[in-house]
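Coordinates from query16.tsv are shown below (TSV, C-alpha atoms).
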```
chain	number	residue	atom	x	y	z
V	1	MET	CA	-41.66	-107.54	94.49
V	2	ASP	CA	-38.01	-108.49	94.18
V	3	LEU	CA	-36.12	-106.01	96.37
V	4	GLY	CA	-32.89	-108.00	96.06
V	5	LEU	CA	-32.94	-107.68	92.28
V	6	ILE	CA	-33.56	-103.92	92.56
V	7	LEU	CA	-30.74	-103.31	95.02
V	8	SER	CA	-28.35	-105.51	93.04
V	9	GLY	CA	-29.11	-103.58	89.85
V	10	PHE	CA	-28.73	-100.24	91.61
V	11	THR	CA	-25.40	-101.22	93.16
V	12	ARG	CA	-24.01	-102.39	89.82
V	13	ALA	CA	-25.24	-99.18	88.17
V	14	LEU	CA	-23.45	-97.09	90.81
V	15	GLY	CA	-20.26	-98.99	90.09
V	16	GLN	CA	-20.37	-97.89	86.46
V	17	THR	CA	-21.03	-94.16	86.94
V	18	GLY	CA	-17.53	-93.31	85.72
V	19	ASP	CA	-18.27	-94.70	82.26
V	20	PRO	CA	-17.62	-92.00	79.61
V	21	ARG	CA	-20.92	-92.81	77.89
V	22	PHE	CA	-22.76	-92.15	81.16
V	23	ARG	CA	-21.12	-88.73	81.51
V	24	ARG	CA	-21.83	-87.80	77.90
V	25	VAL	CA	-25.57	-88.47	78.28
V	26	LEU	CA	-25.63	-86.50	81.54
V	27	PHE	CA	-23.99	-83.44	79.99
V	28	ILE	CA	-26.29	-83.52	76.96
V	29	GLY	CA	-29.44	-83.85	79.08
V	30	VAL	CA	-28.59	-81.10	81.56
V	31	GLY	CA	-27.31	-78.75	78.85
V	32	LEU	CA	-30.42	-79.08	76.69
V	33	THR	CA	-32.68	-78.71	79.73
V	34	LEU	CA	-31.02	-75.46	80.84
V	35	ALA	CA	-31.23	-74.13	77.29
V	36	LEU	CA	-34.92	-75.05	77.05
V	37	LEU	CA	-35.84	-73.42	80.36
V	38	ALA	CA	-33.79	-70.30	79.54
V	39	GLY	CA	-35.59	-70.05	76.21
V	40	ALA	CA	-38.97	-70.42	77.92
V	41	ALA	CA	-38.05	-67.65	80.38
V	42	TRP	CA	-37.00	-65.35	77.52
V	43	ILE	CA	-40.23	-66.00	75.62
V	44	THR	CA	-42.26	-65.35	78.79
V	45	TRP	CA	-40.55	-62.01	79.44
V	46	PHE	CA	-40.82	-60.59	75.93
V	47	GLY	CA	-44.16	-62.23	75.16
V	48	ILE	CA	-45.95	-60.64	78.11
V	49	GLY	CA	-44.27	-57.29	77.46
V	50	TRP	CA	-45.35	-57.39	73.80
V	51	ALA	CA	-48.92	-58.45	74.63
V	52	ILE	CA	-49.46	-55.61	77.11
V	53	GLY	CA	-47.57	-52.96	75.13
V	54	ASP	CA	-46.05	-49.66	76.17
V	55	ASP	CA	-49.35	-47.78	76.34
V	56	ALA	CA	-51.15	-50.00	78.84
V	57	SER	CA	-53.62	-48.21	81.09
V	58	LEU	CA	-55.56	-48.91	84.27
V	59	PRO	CA	-59.06	-47.71	85.18
V	60	TRP	CA	-59.06	-44.38	87.05
V	61	ILE	CA	-55.29	-44.17	86.69
V	62	GLY	CA	-54.68	-43.85	82.99
V	63	THR	CA	-51.57	-44.84	81.07
V	64	VAL	CA	-49.02	-46.74	83.12
V	65	PRO	CA	-45.80	-47.03	81.07
V	66	TRP	CA	-44.16	-49.47	83.46
V	67	LEU	CA	-47.11	-51.91	83.62
V	68	ASN	CA	-45.73	-54.14	80.87
V	69	ASP	CA	-42.36	-54.42	82.65
V	70	LEU	CA	-44.10	-55.28	85.92
V	71	ALA	CA	-46.28	-57.94	84.29
V	72	ALA	CA	-43.32	-59.38	82.40
V	73	ALA	CA	-41.27	-59.53	85.61
V	74	GLY	CA	-44.15	-61.27	87.38
V	75	GLY	CA	-44.48	-63.78	84.57
V	76	LEU	CA	-40.74	-64.40	84.59
V	77	LEU	CA	-40.78	-64.96	88.37
V	78	ALA	CA	-43.66	-67.42	88.01
V	79	MET	CA	-41.75	-69.20	85.23
V	80	MET	CA	-38.67	-69.49	87.46
V	81	VAL	CA	-40.75	-70.97	90.30
V	82	ILE	CA	-42.36	-73.47	87.93
V	83	SER	CA	-38.92	-74.32	86.54
V	84	VAL	CA	-37.83	-75.50	90.00
V	85	PHE	CA	-40.50	-78.19	89.81
V	86	LEU	CA	-40.00	-78.93	86.12
V	87	MET	CA	-36.18	-79.00	85.97
V	88	VAL	CA	-35.86	-82.65	86.90
V	89	PRO	CA	-38.86	-83.97	84.93
V	90	VAL	CA	-37.75	-82.08	81.83
V	91	ALA	CA	-34.15	-83.24	82.25
V	92	SER	CA	-35.38	-86.82	82.67
V	93	ALA	CA	-37.48	-86.62	79.54
V	94	ILE	CA	-34.76	-85.04	77.40
V	95	THR	CA	-32.12	-87.42	78.71
V	96	SER	CA	-34.39	-90.37	77.92
V	97	MET	CA	-33.74	-89.65	74.26
V	98	TYR	CA	-30.14	-90.75	74.77
V	99	LEU	CA	-30.58	-93.47	77.39
V	100	ASP	CA	-30.21	-96.22	74.83
V	101	GLN	CA	-26.50	-95.41	74.99
V	102	VAL	CA	-26.53	-96.04	78.76
V	103	ALA	CA	-28.27	-99.39	78.32
V	104	GLU	CA	-25.76	-100.31	75.63
V	105	ALA	CA	-22.84	-99.43	77.93
V	106	VAL	CA	-24.32	-101.61	80.70
V	107	GLU	CA	-24.79	-104.57	78.37
V	108	ASP	CA	-21.30	-104.20	76.92
V	109	ARG	CA	-19.80	-104.41	80.40
V	110	HIS	CA	-22.07	-106.85	82.24
V	111	TYR	CA	-23.71	-108.91	79.46
V	112	PRO	CA	-21.07	-109.17	76.73
V	113	GLU	CA	-22.45	-112.50	75.53
V	114	LEU	CA	-25.60	-110.84	74.19
V	115	PRO	CA	-25.87	-110.15	70.44
V	116	PRO	CA	-26.00	-106.51	69.34
V	117	VAL	CA	-29.40	-104.92	68.85
V	118	PRO	CA	-30.42	-102.60	65.99
V	119	GLY	CA	-30.56	-99.00	67.07
V	120	THR	CA	-33.81	-97.04	67.04
V	121	SER	CA	-34.35	-94.18	64.61
V	122	PHE	CA	-34.21	-90.53	65.62
V	123	ALA	CA	-37.92	-90.19	64.83
V	124	GLU	CA	-38.79	-93.03	67.23
V	125	ASP	CA	-36.58	-91.57	69.95
V	126	LEU	CA	-38.12	-88.12	69.47
V	127	ARG	CA	-41.65	-89.50	69.57
V	128	ASP	CA	-41.03	-91.43	72.78
V	129	THR	CA	-39.25	-88.45	74.34
V	130	LEU	CA	-42.07	-86.02	73.56
V	131	GLY	CA	-44.63	-88.50	74.85
V	132	PHE	CA	-42.75	-89.03	78.10
V	133	LEU	CA	-42.15	-85.29	78.46
V	134	GLY	CA	-45.85	-84.53	78.11
V	135	VAL	CA	-46.92	-87.23	80.55
V	136	ILE	CA	-44.37	-86.44	83.24
V	137	ILE	CA	-44.98	-82.67	83.12
V	138	LEU	CA	-48.76	-83.10	83.21
V	139	ALA	CA	-48.56	-85.62	86.04
V	140	ASN	CA	-46.30	-83.37	88.12
V	141	LEU	CA	-48.47	-80.30	87.52
V	142	VAL	CA	-51.55	-82.24	88.64
V	143	ALA	CA	-49.63	-83.62	91.62
V	144	LEU	CA	-48.68	-80.05	92.55
V	145	VAL	CA	-52.33	-79.47	93.48
V	146	PHE	CA	-52.26	-82.45	95.83
V	147	TYR	CA	-48.96	-81.25	97.31
V	148	LEU	CA	-50.77	-78.08	98.38
V	149	LEU	CA	-53.94	-79.82	99.57
V	150	LEU	CA	-52.17	-82.69	101.34
V	151	ALA	CA	-48.91	-81.03	102.37
V	152	PRO	CA	-47.86	-83.67	104.97
V	153	LEU	CA	-48.18	-86.38	102.32
V	154	ALA	CA	-46.44	-84.38	99.57
V	155	PRO	CA	-43.16	-86.38	99.64
V	156	PHE	CA	-45.01	-89.69	99.39
V	157	ILE	CA	-47.19	-88.41	96.54
V	158	PHE	CA	-44.09	-87.16	94.75
V	159	TRP	CA	-42.26	-90.48	95.17
V	160	GLY	CA	-45.30	-92.53	94.17
V	161	VAL	CA	-46.15	-90.56	91.04
V	162	ASN	CA	-42.61	-90.13	89.78
V	163	GLY	CA	-41.65	-93.65	90.84
V	164	TYR	CA	-44.38	-95.07	88.67
V	165	LEU	CA	-43.50	-92.87	85.69
V	166	LEU	CA	-39.74	-93.39	85.93
V	167	GLY	CA	-40.03	-97.13	86.47
V	168	ARG	CA	-42.36	-97.51	83.51
V	169	GLU	CA	-40.16	-95.40	81.22
V	170	TYR	CA	-36.77	-96.86	82.12
V	171	PHE	CA	-37.92	-100.47	82.18
V	172	THR	CA	-39.69	-100.11	78.84
V	173	LEU	CA	-36.57	-98.54	77.36
V	174	ALA	CA	-34.38	-101.44	78.52
V	175	ALA	CA	-36.85	-104.17	77.58
V	176	MET	CA	-37.68	-102.81	74.12
V	177	ARG	CA	-34.07	-103.28	73.07
V	178	ARG	CA	-34.47	-107.05	73.35
V	179	LEU	CA	-38.20	-107.79	73.28
V	180	GLY	CA	-39.76	-105.04	71.18
V	181	ARG	CA	-42.56	-102.77	72.38
V	182	ALA	CA	-45.20	-105.49	72.79
V	183	GLY	CA	-42.86	-107.84	74.64
V	184	ALA	CA	-41.67	-105.04	76.92
V	185	GLU	CA	-45.25	-104.12	77.76
V	186	GLU	CA	-46.15	-107.72	78.59
V	187	LEU	CA	-43.16	-108.23	80.87
V	188	ARG	CA	-43.73	-104.87	82.57
V	189	LYS	CA	-47.35	-105.70	83.40
V	190	ARG	CA	-46.32	-109.05	84.92
V	191	ASN	CA	-43.75	-107.38	87.18
V	192	MET	CA	-45.39	-104.03	87.96
V	193	GLY	CA	-44.69	-104.24	91.70
V	194	THR	CA	-40.94	-104.68	91.25
V	195	ILE	CA	-40.78	-102.02	88.56
V	196	TRP	CA	-42.76	-99.47	90.59
V	197	LEU	CA	-40.62	-100.10	93.68
V	198	GLY	CA	-37.49	-99.67	91.57
V	199	GLY	CA	-38.92	-96.44	90.21
V	200	ILE	CA	-39.53	-95.15	93.74
V	201	LEU	CA	-35.88	-95.87	94.54
V	202	MET	CA	-35.04	-93.58	91.61
V	203	ALA	CA	-37.63	-90.95	92.63
V	204	VAL	CA	-36.32	-90.47	96.19
V	205	PRO	CA	-33.05	-88.79	95.06
V	206	LEU	CA	-35.10	-86.42	92.88
V	207	THR	CA	-35.56	-84.26	95.98
V	208	VAL	CA	-31.78	-83.91	96.46
V	209	PRO	CA	-30.24	-81.03	94.43
V	210	ILE	CA	-27.44	-81.97	92.02
V	211	LEU	CA	-27.93	-85.68	92.77
V	212	ASN	CA	-31.30	-85.52	91.06
V	213	LEU	CA	-29.63	-84.71	87.75
V	214	VAL	CA	-27.91	-88.11	87.59
V	215	VAL	CA	-31.13	-90.01	88.33
V	216	PRO	CA	-31.96	-90.63	84.62
V	217	ILE	CA	-28.53	-92.20	84.08
V	218	LEU	CA	-28.72	-94.37	87.19
V	219	GLY	CA	-32.33	-95.24	86.37
V	220	ALA	CA	-31.57	-96.45	82.87
V	221	ALA	CA	-28.59	-98.48	84.09
V	222	THR	CA	-30.46	-99.94	87.06
V	223	PHE	CA	-33.48	-100.95	85.00
V	224	THR	CA	-31.28	-102.54	82.38
V	225	HIS	CA	-30.07	-104.89	85.14
V	226	ILE	CA	-33.63	-105.34	86.44
V	227	PHE	CA	-34.86	-106.23	82.96
V	228	HIS	CA	-32.20	-108.87	82.45
V	229	GLY	CA	-32.92	-110.31	85.88
V	230	LEU	CA	-36.67	-110.54	85.22
V	231	ALA	CA	-36.12	-111.89	81.71
V	232	ALA	CA	-33.85	-114.62	83.08
V	233	LYS	CA	-36.52	-115.60	85.61
V	234	ARG	CA	-39.16	-115.76	82.91
V	235	ARG	CA	-36.97	-118.10	80.87
```

Show how you would write the structure in this file as structure tokens.
Amino acid sequence: MDLGLILSGFTRALGQTGDPRFRRVLFIGVGLTLALLAGAAWITWFGIGWAIGDDASLPWIGTVPWLNDLAAAGGLLAMMVISVFLMVPVASAITSMYLDQVAEAVEDRHYPELPPVPGTSFAEDLRDTLGFLGVIILANLVALVFYLLLAPLAPFIFWGVNGYLLGREYFTLAAMRRLGRAGAEELRKRNMGTIWLGGILMAVPLTVPILNLVVPILGAATFTHIFHGLAAKRR
């Protein structure tokens, strides 16, 4: 594990947070996430109300006209609670669709000698985003069970799971720009310890409100530096 490389990359990423391209990606990611969660809440409310109907009845009681409103309110409350846990993973996944712009900004500033790389297509970005979204939501829902069963260890489980996922995603994103998917996978496997530790550094701020929303930006920038450091060592 190369802690020095991780901290150096993180420090340099922090120094570039004022970059307009960083801010643009942040606003897009947070805006789309809020819209997605609001849409899910709306669908939950009206979907449950429609499924139960206005003439719902209970045994021995008969028709209860307010039952659909009560069930819809309960579903909406459950959706809001789940959203607290999913806000950051969803934001990370959506933002990942635009993180190529962050990596490009980092390379323009810190590695200007590098040749330009061809951009990826929207279809490729969408495929990777949906894949990451599915994995990170599923992993966090499964981890939620362990949070409840092993409450004292919950922070460490959270950091470990999300550190692995974030490190894998952000490093692959940075490496694919220069090495392609196969080359990125090979370099990631050879440096899994460093990448996982870097991911944990990104996962720790996920528990801090507001700060957690900038984690995808810092992660992409940090891992762009980490990739170039590891690639230089390999050469």

Hey, could you pull the box centre and edge lengths for stretch 1-14 of chain V, axis-aligned, 4 Å padding per side, all listed atoms, to one decimal in Å, as lines of an AutoDock Vina configuration file?
```
center_x = -32.6
center_y = -102.8
center_z = 92.3
size_x = 26.2
size_y = 19.4
size_z = 16.2
```

(request) Kindly give the distance, in Å, that separates atom CA of V:Thr33 and atom CA of V:Leu173, rounded to a single decimal. (result)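 Separating atom CA of V:Thr33 from atom CA of V:Leu173 is a distance of 20.3 Å.
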
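Considering all atoms listed in the file, the residue among V:Leu36, V:Val30, V:Ala151, V:Val135 positioned nearest to V:Asn212 is V:Val30.
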
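The nearest approach to V:Leu201 among the residues V:Leu187, V:Val117, V:Leu218, V:Ala175, with only C-alpha atoms taken into account, belongs to V:Leu218.
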
(request) Mind giving me the straight-line distance from atom CA of V:Arg178 to atom CA of V:Val161 in Å, one decimal? (result)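 Computing the Euclidean distance for atom CA of V:Arg178 and atom CA of V:Val161 yields 26.9 Å.
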
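Shortest separation to V:Phe158 among V:Thr194, V:Met202, V:Met176, V:Tyr170 occurs at residue V:Met202, atoms counted being all atoms listed in the file.
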